[in-house]
Structure formats: structure tokens, C-alpha cells
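Novice: Pasting a structure below so you can have a look.
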Amino acid sequence: MGVLKTTVLLLTVLLGSGCAWLFRETEPGPGGRFADYPEEQRSAAALTQARCTRCHEFDRVFEAMSFAGDRADIEFLVEEMADRKGSGISQRDEKQIVDFLDYYRLREQAGPSKVR
Ligand code: HEC
């Protein structure tokens, strides 16, 4: 293989991975955190991020997830937040947010890569 060909190949690979990295960074969730989640959960993650960062950091939500024992705990939390003045969280949002957070909880509890 000629030097030029090798250089072009190398550049293509480098640019390719650079793009993949950039793309990951723009996925819903901090740093492409949910990049390997199913499509439905990824859009719910984006909604959750949009709704739950109005008043505080997104990480605050996930810090609490380790204390969530079941879905009802999450429902309670999301409802409490939605009920806050000016939360901008509709009942429809609530359902999607609870679905996503409960999915997140189950995945975390199962350990990485067990629940798909
Ligand atoms: C209208 C503002 C607002 C929105 C929107 C909001 N929160 Fe909060 N959240 C707060 C405030 C204020 C606190 C701090 C409460 C306290 O310390 O007494 C808080 C605290 C929390 C806590 C810490 C535990 C607790 O109960 O104090 C968690 C977890 C949390 N929010 C999750 C969420 C989630 C999930 C969403 C999206 C569904 C959300 N928040 C949206 C205002 C909001």
C-alpha cells in the first residue's frame, strides 16, 4: 500500500472515530450516557432531561435512583416534582419520565448489559 493510500485510510479512520465521539456527546443524556438504550427510552431520556433540569442538575435525579426501591417510589418522586409550581411537567410527561427512570433503575440493579 502506498504512503498516500495509507495516509488517506488513517485519516478516514481518525475522522470516523472523531465523528462517532462527537455524535455520542450529542445523544440524549449527559455524555451519551444512554447511547445503548432502545430508541423509545432514549427519547424519554431526552424528555426527562428537558423537564427535570429546569430547577436543578440532571445528576440529582440519578443520585436518587439508588434509593428507589420500586416503580412506586419513582412515581411518587416525579409527581412531587411535577406538582411544584411552574414545573411545566404534564401528566403525559410524567408517565414517560416514570417509564424511563424505572427502566434506568432496573438496568442499574441488574448490572450493566443485563437488561436490554
Ligand atoms: C419546578 C422546579 C423543579 C422541577 C421542574 C424538578 N424539580 Fe426536583 N427538586 C426541586 C427542588 C426545589 C428540590 C429540592 C427540594 C428540597 O431540597 O427540599 C428538588 C429535589 C429533587 C430531588 C432530591 C430529592 C428530594 O426529594 O428532595 C430529586 C431526586 C429530584 N428533585 C428529582 C426531580 C425529577 C425526576 C424531576 C423531573 C420529573 C424534577 N426533579 C424536576 C425542584 C424541581
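Every chain in the C-alpha cells takes a letter, A first, then B, and so on in the order presented; its residues are numbered from 1, and the ligands are numbered from 1 following the presented order.
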Could I get the residue neighbourhood of ligand 1 at 6 Å, counting only C-alpha atoms and all ligand atoms, as a ChimeraX atom specification?
Specialist: /A:51-52,54-55,60-61,64,78,81,84-87
Novice: Set the distance at 12 Å and use only C-alpha atoms: which residues neighbour Val98 in chain A once local chain neighbours fewer than 2 positions away are removed? I'd like the list as JSON, numbers by chain.
Specialist: {"A": [41, 44, 45, 47, 48, 52, 61, 65, 68, 70, 71, 72, 73, 74, 75, 76, 77, 78, 79, 81, 82, 89, 91, 92, 93, 94, 95, 96, 100, 101, 102, 103, 104, 105]}
Novice: Deliver the residues from the most recent selection as a file, using N, CA and C atoms, as a CSV table (one decimal), in the first residue's frame.
Specialist:
```csv
chain,number,residue,atom,x,y,z
A,41,GLN,N,-36.6,4.6,24.9
A,41,GLN,CA,-36.1,5.0,26.2
A,41,GLN,C,-35.1,6.2,26.0
A,44,ALA,N,-37.3,9.2,25.7
A,44,ALA,CA,-37.8,9.5,27.1
A,44,ALA,C,-36.8,10.1,27.9
A,45,ALA,N,-35.5,9.7,27.7
A,45,ALA,CA,-34.4,10.3,28.5
A,45,ALA,C,-34.2,11.7,28.1
A,47,LEU,N,-36.6,13.7,27.1
A,47,LEU,CA,-37.7,14.4,27.7
A,47,LEU,C,-37.4,14.7,29.2
A,48,THR,N,-36.9,13.6,29.8
A,48,THR,CA,-36.6,13.7,31.3
A,48,THR,C,-35.6,14.8,31.5
A,52,CYS,N,-36.5,17.8,33.8
A,52,CYS,CA,-36.0,17.7,35.2
A,52,CYS,C,-34.8,18.5,35.4
A,61,VAL,N,-31.2,13.7,39.9
A,61,VAL,CA,-32.2,12.7,39.6
A,61,VAL,C,-31.6,11.3,39.8
A,65,MET,N,-31.9,7.7,42.3
A,65,MET,CA,-32.4,6.4,41.8
A,65,MET,C,-31.8,5.2,42.6
A,68,ALA,N,-34.3,4.4,45.1
A,68,ALA,CA,-35.7,4.0,44.7
A,68,ALA,C,-35.8,2.5,44.7
A,70,ASP,N,-38.7,0.7,44.1
A,70,ASP,CA,-39.6,0.2,43.1
A,70,ASP,C,-40.2,1.3,42.3
A,71,ARG,N,-41.0,0.9,41.4
A,71,ARG,CA,-41.7,1.9,40.5
A,71,ARG,C,-42.5,3.0,41.2
A,72,ALA,N,-43.1,2.5,42.3
A,72,ALA,CA,-44.0,3.4,43.1
A,72,ALA,C,-43.2,4.6,43.7
A,73,ASP,N,-41.9,4.3,44.1
A,73,ASP,CA,-41.1,5.3,44.6
A,73,ASP,C,-40.8,6.4,43.6
A,74,ILE,N,-40.6,5.9,42.3
A,74,ILE,CA,-40.3,6.8,41.2
A,74,ILE,C,-41.5,7.7,40.9
A,75,GLU,N,-42.7,7.0,40.9
A,75,GLU,CA,-43.9,7.7,40.6
A,75,GLU,C,-44.1,8.8,41.6
A,76,PHE,N,-43.9,8.5,42.9
A,76,PHE,CA,-44.0,9.4,44.0
A,76,PHE,C,-43.1,10.6,43.8
A,77,LEU,N,-41.9,10.4,43.5
A,77,LEU,CA,-40.9,11.5,43.3
A,77,LEU,C,-41.3,12.4,42.1
A,78,VAL,N,-41.6,11.7,40.9
A,78,VAL,CA,-41.9,12.5,39.7
A,78,VAL,C,-43.2,13.3,40.0
A,79,GLU,N,-44.1,12.8,40.6
A,79,GLU,CA,-45.4,13.5,40.9
A,79,GLU,C,-45.1,14.7,41.8
A,81,MET,N,-42.3,16.4,42.0
A,81,MET,CA,-41.6,17.4,41.2
A,81,MET,C,-42.6,18.1,40.3
A,82,ALA,N,-43.5,17.3,39.7
A,82,ALA,CA,-44.4,17.8,38.7
A,82,ALA,C,-45.4,18.8,39.4
A,89,ILE,N,-44.4,20.3,33.9
A,89,ILE,CA,-44.4,18.8,33.6
A,89,ILE,C,-45.9,18.4,33.6
A,91,GLN,N,-49.1,15.6,32.7
A,91,GLN,CA,-49.3,14.2,33.2
A,91,GLN,C,-48.8,13.2,32.1
A,92,ARG,N,-48.8,13.6,30.9
A,92,ARG,CA,-48.2,12.8,29.8
A,92,ARG,C,-46.7,12.7,30.0
A,93,ASP,N,-46.1,13.8,30.3
A,93,ASP,CA,-44.6,13.8,30.5
A,93,ASP,C,-44.3,12.9,31.7
A,94,GLU,N,-45.1,13.0,32.7
A,94,GLU,CA,-44.9,12.2,34.0
A,94,GLU,C,-44.8,10.7,33.6
A,95,LYS,N,-45.7,10.2,32.8
A,95,LYS,CA,-45.8,8.8,32.5
A,95,LYS,C,-44.5,8.4,31.8
A,96,GLN,N,-44.1,9.2,30.8
A,96,GLN,CA,-42.9,8.9,30.1
A,96,GLN,C,-41.6,8.9,31.0
A,100,PHE,N,-39.1,5.9,31.9
A,100,PHE,CA,-37.7,5.9,31.6
A,100,PHE,C,-36.9,5.7,32.9
A,101,LEU,N,-37.3,6.4,34.0
A,101,LEU,CA,-36.5,6.2,35.2
A,101,LEU,C,-36.6,4.8,35.8
A,102,ASP,N,-37.8,4.2,35.6
A,102,ASP,CA,-37.9,2.8,36.1
A,102,ASP,C,-37.1,1.9,35.3
A,103,TYR,N,-37.0,2.1,34.0
A,103,TYR,CA,-36.2,1.3,33.1
A,103,TYR,C,-34.7,1.5,33.5
A,104,TYR,N,-34.3,2.7,33.8
A,104,TYR,CA,-33.0,3.0,34.2
A,104,TYR,C,-32.7,2.3,35.6
A,105,ARG,N,-33.6,2.3,36.5
A,105,ARG,CA,-33.4,1.7,37.8
A,105,ARG,C,-33.2,0.2,37.6
```
Novice: Mind giving me the straight-line distance from CA of Phe67 in chain A to CA of Thr53 in chain A in Å, one decimal?
Specialist: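 About the pair CA of Phe67 in chain A and CA of Thr53 in chain A: they are 19.6 Å apart.
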